[in-house]
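Asks: Input file: data04.pdb. Contents: PDB, C-alpha atoms.
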ATOM      1  CA  MET A   1     170.160 133.291 -70.597
ATOM      2  CA  ASN A   2     167.381 130.940 -71.683
ATOM      3  CA  ALA A   3     166.212 130.166 -68.200
ATOM      4  CA  ILE A   4     162.925 128.500 -67.629
ATOM      5  CA  GLY A   5     162.085 128.695 -63.998
ATOM      6  CA  GLU A   6     160.836 130.769 -61.143
ATOM      7  CA  ARG A   7     161.402 134.506 -60.903
ATOM      8  CA  GLU A   8     161.125 136.353 -57.648
ATOM      9  CA  PHE A   9     161.158 140.153 -57.569
ATOM     10  CA  ILE A  10     161.995 141.928 -54.356
ATOM     11  CA  CYS A  11     161.833 145.706 -54.032
ATOM     12  CA  GLY A  12     163.060 147.570 -50.998
ATOM     13  CA  ARG A  13     164.564 150.725 -49.603
ATOM     14  CA  SER A  14     168.066 150.825 -48.200
ATOM     15  CA  SER A  15     168.015 151.503 -44.460
ATOM     16  CA  ASN A  16     170.818 154.066 -44.614
ATOM     17  CA  SER A  17     170.054 155.939 -47.822
ATOM     18  CA  ASP A  18     167.343 157.098 -50.151
ATOM     19  CA  TYR A  19     168.312 154.600 -52.839
ATOM     20  CA  TYR A  20     165.825 152.002 -53.943
ATOM     21  CA  PHE A  21     166.812 148.640 -55.315
ATOM     22  CA  LEU A  22     165.211 145.836 -57.221
ATOM     23  CA  TYR A  23     166.510 142.309 -57.100
ATOM     24  CA  THR A  24     165.639 139.613 -59.575
ATOM     25  CA  LEU A  25     166.412 136.118 -58.384
ATOM     26  CA  ILE A  26     166.178 133.311 -60.916
ATOM     27  CA  HIS A  27     166.129 129.689 -59.896
ATOM     28  CA  GLU A  28     166.725 127.838 -63.136
ATOM     29  CA  THR A  29     165.030 124.523 -63.710
ATOM     30  CA  GLN A  30     166.734 123.713 -67.024
ATOM     31  CA  GLY A  31     170.263 124.214 -68.355
ATOM     32  CA  ASP A  32     173.307 124.559 -66.095
ATOM     33  CA  ALA A  33     173.101 122.991 -62.681
ATOM     34  CA  MET A  34     172.596 125.627 -60.021
ATOM     35  CA  ALA A  35     174.501 125.699 -56.763
ATOM     36  CA  GLN A  36     173.581 127.829 -53.808
ATOM     37  CA  PHE A  37     176.132 130.499 -52.881
ATOM     38  CA  GLN A  38     175.896 131.630 -49.282
ATOM     39  CA  GLY A  39     176.986 135.217 -48.681
ATOM     40  CA  SER A  40     176.832 137.341 -45.572
ATOM     41  CA  GLY A  41     173.120 137.734 -44.961
ATOM     42  CA  PHE A  42     171.971 136.317 -48.292
ATOM     43  CA  SER A  43     172.095 133.315 -50.569
ATOM     44  CA  ILE A  44     171.730 133.061 -54.326
ATOM     45  CA  TYR A  45     171.632 130.244 -56.869
ATOM     46  CA  LEU A  46     174.338 130.391 -59.541
ATOM     47  CA  PRO A  47     175.362 128.094 -62.391
ATOM     48  CA  ASP A  48     178.163 125.686 -61.501
ATOM     49  CA  SER A  49     180.263 127.409 -64.177
ATOM     50  CA  CYS A  50     180.339 130.666 -62.126
ATOM     51  CA  MET A  51     183.375 131.573 -60.051
ATOM     52  CA  ASP A  52     183.402 133.617 -56.866
ATOM     53  CA  ALA A  53     184.964 137.016 -57.635
ATOM     54  CA  SER A  54     183.616 138.707 -54.549
ATOM     55  CA  ALA A  55     184.878 142.022 -53.289
ATOM     56  CA  TYR A  56     184.714 142.517 -49.549
ATOM     57  CA  THR A  57     184.428 146.066 -48.212
ATOM     58  CA  PHE A  58     184.829 146.977 -44.560
ATOM     59  CA  VAL A  59     183.996 150.498 -43.411
ATOM     60  CA  LEU A  60     185.353 152.365 -40.399
ATOM     61  CA  PRO A  61     183.114 154.780 -38.475
ATOM     62  CA  TYR A  62     182.285 158.079 -40.157
ATOM     63  CA  ASN A  63     185.033 160.628 -39.458
ATOM     64  CA  GLN A  64     185.750 164.087 -40.868
ATOM     65  CA  GLY A  65     183.056 163.750 -43.501
ATOM     66  CA  PHE A  66     184.014 160.310 -44.838
ATOM     67  CA  SER A  67     183.932 156.634 -43.881
ATOM     68  CA  ALA A  68     187.397 155.196 -44.465
ATOM     69  CA  ASN A  69     187.217 151.737 -46.016
ATOM     70  CA  LEU A  70     189.166 148.610 -46.832
ATOM     71  CA  THR A  71     188.299 146.596 -49.924
ATOM     72  CA  ILE A  72     189.672 143.107 -50.548
ATOM     73  CA  ARG A  73     189.211 141.371 -53.872
ATOM     74  CA  PHE A  74     191.057 138.934 -56.067
ATOM     75  CA  GLU A  75     191.505 138.277 -59.757
ATOM     76  CA  HIS A  76     192.716 135.174 -61.528
ATOM     77  CA  VAL A  77     195.871 135.869 -63.518
ATOM     78  CA  PRO A  78     197.674 133.906 -66.241
ATOM     79  CA  ASP A  79     200.834 131.899 -65.607
ATOM     80  CA  GLY A  80     203.861 134.150 -65.991
ATOM     81  CA  TYR A  81     201.971 137.221 -64.752
ATOM     82  CA  GLU A  82     204.419 140.055 -64.044
ATOM     83  CA  LEU A  83     203.217 141.645 -60.817
ATOM     84  CA  GLU A  84     205.607 144.613 -60.595
ATOM     85  CA  LYS A  85     205.090 145.569 -64.243
ATOM     86  CA  SER A  86     201.316 145.292 -63.869
ATOM     87  CA  VAL A  87     201.281 147.522 -60.762
ATOM     88  CA  LYS A  88     203.552 150.043 -62.484
ATOM     89  CA  ASP A  89     201.190 150.140 -65.496
ATOM     90  CA  GLU A  90     198.119 150.521 -63.243
ATOM     91  CA  LEU A  91     199.728 153.413 -61.363
ATOM     92  CA  ALA A  92     200.642 155.109 -64.654
ATOM     93  CA  ALA A  93     197.029 154.806 -65.810
ATOM     94  CA  LEU A  94     195.781 156.268 -62.508
ATOM     95  CA  SER A  95     198.209 159.176 -62.783
ATOM     96  CA  ASN A  96     196.615 160.047 -66.140
ATOM     97  CA  ARG A  97     193.020 159.766 -64.872
ATOM     98  CA  LEU A  98     193.122 161.297 -61.384
ATOM     99  CA  ASN A  99     193.550 165.028 -60.711
ATOM    100  CA  ASP A 100     196.724 165.988 -58.829
ATOM    101  CA  PHE A 101     197.904 162.374 -58.555
ATOM    102  CA  THR A 102     200.980 161.989 -56.318
ATOM    103  CA  LEU A 103     202.726 158.665 -55.770
ATOM    104  CA  ILE A 104     203.888 158.704 -52.131
ATOM    105  CA  SER A 105     205.657 155.340 -52.086
ATOM    106  CA  GLN A 106     205.951 152.038 -53.911
ATOM    107  CA  ASN A 107     207.743 148.996 -52.516
ATOM    108  CA  ALA A 108     208.051 145.370 -53.570
ATOM    109  CA  GLY A 109     208.560 142.497 -51.166
ATOM    110  CA  GLN A 110     207.172 139.174 -50.002
ATOM    111  CA  ARG A 111     204.504 138.042 -47.566
ATOM    112  CA  GLU A 112     204.121 134.396 -46.628
ATOM    113  CA  GLY A 113     206.447 133.556 -49.544
ATOM    114  CA  ASN A 114     204.288 135.403 -52.092
ATOM    115  CA  ASP A 115     205.445 138.399 -54.118
ATOM    116  CA  GLY A 116     203.734 141.653 -53.300
ATOM    117  CA  VAL A 117     203.771 145.373 -54.033
ATOM    118  CA  ILE A 118     202.556 148.170 -51.757
ATOM    119  CA  ALA A 119     201.760 151.540 -53.315
ATOM    120  CA  VAL A 120     200.503 154.651 -51.513
ATOM    121  CA  TYR A 121     199.176 157.586 -53.488
ATOM    122  CA  GLU A 122     196.999 160.655 -53.173
ATOM    123  CA  TRP A 123     194.767 162.602 -55.527
ATOM    124  CA  GLY A 124     192.232 165.405 -55.503
ATOM    125  CA  GLU A 125     192.282 168.855 -53.991
ATOM    126  CA  GLY A 126     191.622 170.607 -50.692
ATOM    127  CA  GLN A 127     189.405 168.860 -48.143
ATOM    128  CA  ALA A 128     188.444 166.258 -50.737
ATOM    129  CA  ARG A 129     192.049 165.047 -51.244
ATOM    130  CA  MET A 130     192.109 161.250 -50.935
ATOM    131  CA  ARG A 131     194.810 158.755 -49.945
ATOM    132  CA  GLN A 132     194.849 155.117 -51.005
ATOM    133  CA  ARG A 133     197.185 152.326 -50.040
ATOM    134  CA  VAL A 134     197.052 149.342 -52.379
ATOM    135  CA  ILE A 135     198.650 146.033 -51.474
ATOM    136  CA  THR A 136     198.798 143.628 -54.392
ATOM    137  CA  LEU A 137     199.787 140.070 -53.526
ATOM    138  CA  LEU A 138     200.476 137.391 -56.159
ATOM    139  CA  VAL A 139     199.584 133.846 -55.096
ATOM    140  CA  GLN A 140     200.882 131.031 -57.302
ATOM    141  CA  GLY A 141     199.172 127.669 -57.515
ATOM    142  CA  ASP A 142     196.890 125.644 -59.773
ATOM    143  CA  MET A 143     194.979 128.857 -60.530
ATOM    144  CA  PRO A 144     197.305 131.824 -59.903
ATOM    145  CA  ARG A 145     195.552 134.898 -58.561
ATOM    146  CA  LYS A 146     196.344 138.299 -57.207
ATOM    147  CA  TYR A 147     194.761 139.742 -54.099
ATOM    148  CA  ILE A 148     194.214 143.490 -54.041
ATOM    149  CA  LEU A 149     193.754 145.096 -50.615
ATOM    150  CA  THR A 150     192.888 148.792 -50.878
ATOM    151  CA  THR A 151     192.486 151.278 -48.041
ATOM    152  CA  THR A 152     190.839 154.613 -48.848
ATOM    153  CA  ASP A 153     190.409 157.732 -46.714
ATOM    154  CA  LEU A 154     190.559 161.494 -46.881
ATOM    155  CA  VAL A 155     194.128 162.709 -46.402
ATOM    156  CA  ALA A 156     192.875 164.666 -43.374
ATOM    157  CA  GLY A 157     191.771 161.439 -41.641
ATOM    158  CA  ALA A 158     194.419 159.067 -42.977
ATOM    159  CA  GLU A 159     196.772 159.221 -39.997
ATOM    160  CA  GLU A 160     194.018 158.024 -37.666
ATOM    161  CA  SER A 161     192.574 155.393 -40.025
ATOM    162  CA  ASP A 162     196.012 154.099 -41.069
ATOM    163  CA  ALA A 163     196.681 153.034 -37.473
ATOM    164  CA  VAL A 164     193.523 150.888 -37.540
ATOM    165  CA  PHE A 165     194.172 149.619 -41.079
ATOM    166  CA  ASN A 166     197.719 148.594 -40.113
ATOM    167  CA  GLN A 167     196.309 146.308 -37.410
ATOM    168  CA  ILE A 168     193.715 144.889 -39.792
ATOM    169  CA  LEU A 169     196.190 144.311 -42.627
ATOM    170  CA  GLN A 170     198.659 142.558 -40.328
ATOM    171  CA  SER A 171     195.948 140.002 -39.599
ATOM    172  CA  PHE A 172     195.324 139.230 -43.293
ATOM    173  CA  ALA A 173     196.097 135.540 -43.834
ATOM    174  CA  LEU A 174     195.743 133.421 -46.941
ATOM    175  CA  ASN A 175     194.025 130.053 -46.671
ATOM    176  CA  ASP A 176     192.703 127.325 -48.927
ATOM    177  CA  ILE A 177     189.044 127.854 -48.069
ATOM    178  CA  GLN A 178     187.028 128.824 -51.128
ATOM    179  CA  PHE A 179     183.312 129.204 -50.549
ATOM    180  CA  PHE A 180     182.267 128.796 -54.170
TER     181      PHE A 180
END
Kindly transcribe the structure held in the file into structure tokens.
Replies:
Amino acid sequence: MNAIGEREFICGRSSNSDYYFLYTLIHETQGDAMAQFQGSGFSIYLPDSCMDASAYTFVLPYNQGFSANLTIRFEHVPDGYELEKSVKDELAALSNRLNDFTLISQNAGQREGNDGVIAVYEWGEGQARMRQRVITLLVQGDMPRKYILTTTDLVAGAEESDAVFNQILQSFALNDIQFF
């Protein structure tokens, strides 16, 4: 990037870990127009040509040595995207990469008139065995996209966290609001 402008360096320490971070914020004064993106607790200037591809992660309280979490993200997909084939291919790739991968269930259906697939699988060994539930929802429109909602927990804590995640996932609603 050939930016001519201000640079602001901020160094800090995370409040809940020993990790240090360094942010570089660039406010460009030449080139692409910059628009301010407002996130949760921060803002940043980005070129108008950028698209929001945010991933949102929500964490449940620490339990049995792990904080179960829900991640929501989306990806733009081409017209004619084959959701079920794509999910099948992704699960096959995971089965080759993850130790002791077990597919628990996989179901296709619809939500709010959009095609979706729910897959539940586990991997790992002993107390570190993990369970993930992945809901992939295909939304057609001017710019088709798929939403991927992923819950992750230790198998040992999954029964408890799944009850909470079920309530959360039932409240998931698509809308036309795009922040950037």
Asks: Residues of region 58-98 of chain A that have any atom at most 9 Å from an atom of region 34-53 of chain A: could you tabulate them with the shortest-distance atom pair and the distance in Å to one decimal, using only C-alpha atoms, ordered by chain and increasing number, as JSON lines?
Replies:
{"residue": "A:Arg73", "atom": "CA", "partner": "A:Ala53", "partner_atom": "CA", "distance": 7.2}
{"residue": "A:Phe74", "atom": "CA", "partner": "A:Ala53", "partner_atom": "CA", "distance": 6.6}
{"residue": "A:Glu75", "atom": "CA", "partner": "A:Ala53", "partner_atom": "CA", "distance": 7.0}
{"residue": "A:His76", "atom": "CA", "partner": "A:Ala53", "partner_atom": "CA", "distance": 8.9}
Asks: CA of Tyr121 (chain A) and CA of Gln106 (chain A) are how many Å apart?
Replies: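 These atoms are spaced 8.8 Å apart.
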Asks: Specify as a PDB file with C-alpha atoms, in the coordinates of the input each residue included when the PyMOL selection byres ((chain A and resi 163-179) around 8) is applied to this file.
Replies:
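Output file part-v2.pdb follows:
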ATOM      1  CA  PHE A  37     176.132 130.499 -52.881  1.00  0.00           C
ATOM      2  CA  GLN A  38     175.896 131.630 -49.282  1.00  0.00           C
ATOM      3  CA  ASP A  52     183.402 133.617 -56.866  1.00  0.00           C
ATOM      4  CA  LEU A  70     189.166 148.610 -46.832  1.00  0.00           C
ATOM      5  CA  THR A 151     192.486 151.278 -48.041  1.00  0.00           C
ATOM      6  CA  GLU A 159     196.772 159.221 -39.997  1.00  0.00           C
ATOM      7  CA  GLU A 160     194.018 158.024 -37.666  1.00  0.00           C
ATOM      8  CA  SER A 161     192.574 155.393 -40.025  1.00  0.00           C
ATOM      9  CA  ASP A 162     196.012 154.099 -41.069  1.00  0.00           C
ATOM     10  CA  PHE A 180     182.267 128.796 -54.170  1.00  0.00           C
TER      11      PHE A 180
END
Asks: Would you kindly translate the PyMOL selection byres ((chain A and resi 108) around 10) into the concrete residues it picks from this file, as a list in words?
Replies: Leu83, Glu84, Gln106, Asn107, Gly109, Gln110, Asp115, Gly116, Val117, Ile118, Ala119, Ile135, Thr136 and Leu137 of chain A
Asks: Expressed in Å to a single decimal, how great is the separation between CA of Leu103 (chain A) and CA of Ser67 (chain A)?
Replies: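 Going from CA of Leu103 (chain A) over to CA of Ser67 (chain A) covers 22.3 Å.
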Asks: Just to confirm, what's the straight-line distance from CA of Thr57 (chain A) to CA of Leu149 (chain A) in Å (one decimal)?
Replies: 9.7 Å
Asks: Of the candidates A:Gly157, A:Thr150, A:Val139, A:Arg131, which one gets nearest to Val77 (chain A) if we count all atoms listed in the file?
Replies: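 Comparing A:Gly157, A:Thr150, A:Val139, A:Arg131 against Val77 (chain A), the winner is A:Val139.
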Asks: Padding of 3 Å on every side, edges along x, y and z, all listed atoms of region 34-40 of chain A included: what centre and edge lengths in Å, to one decimal, does that box have, as JSON?
Replies:
{"center_x": 174.8, "center_y": 131.5, "center_z": -52.8, "size_x": 10.4, "size_y": 17.7, "size_z": 20.4}
Asks: Starting from the PyMOL selection byres ((chain A and resi 156) around 8), expand the selection into actual residues of this file and give them as a list in words.
Replies: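 When the PyMOL selection byres ((chain A and resi 156) around 8) is applied, the selected residues are Gln64, Gln127, Arg129, Leu154, Val155, Gly157, Ala158 and Glu159 of chain A.
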Asks: Find the spatial neighbours of Phe101 (chain A), counting all atoms listed in the file, within a cut-off of 10 Å - ignore same-chain residues fewer than 4 positions away - and output them as a VMD selection string.
Replies: chain A and resid 91 to 92 94 to 97 121 to 125 129 to 131
Asks: Of the candidates A:Thr71, A:Asn99, A:Val87, A:Asn114, which one gets nearest to Gln132 (chain A) if we count all atoms listed in the file?
Replies: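 Closest candidate: A:Thr71.
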Asks: Considering all atoms listed in the file, state which residue in the set A:Leu98, A:Glu112, A:Pro78, A:Phe58 is at the smallest distance from Asp142 (chain A).
Replies: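 Of all the options, A:Pro78 lies closest to Asp142 (chain A).
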Asks: Give the answer as one residue: which of A:Arg133, A:Ala33, A:Leu138, A:Pro144 has the shortest atom-to-atom distance to Ala68 (chain A), using all atoms listed in the file?
Replies: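 When distances to Ala68 (chain A) are compared using all atoms listed in the file, the smallest one comes from A:Arg133.
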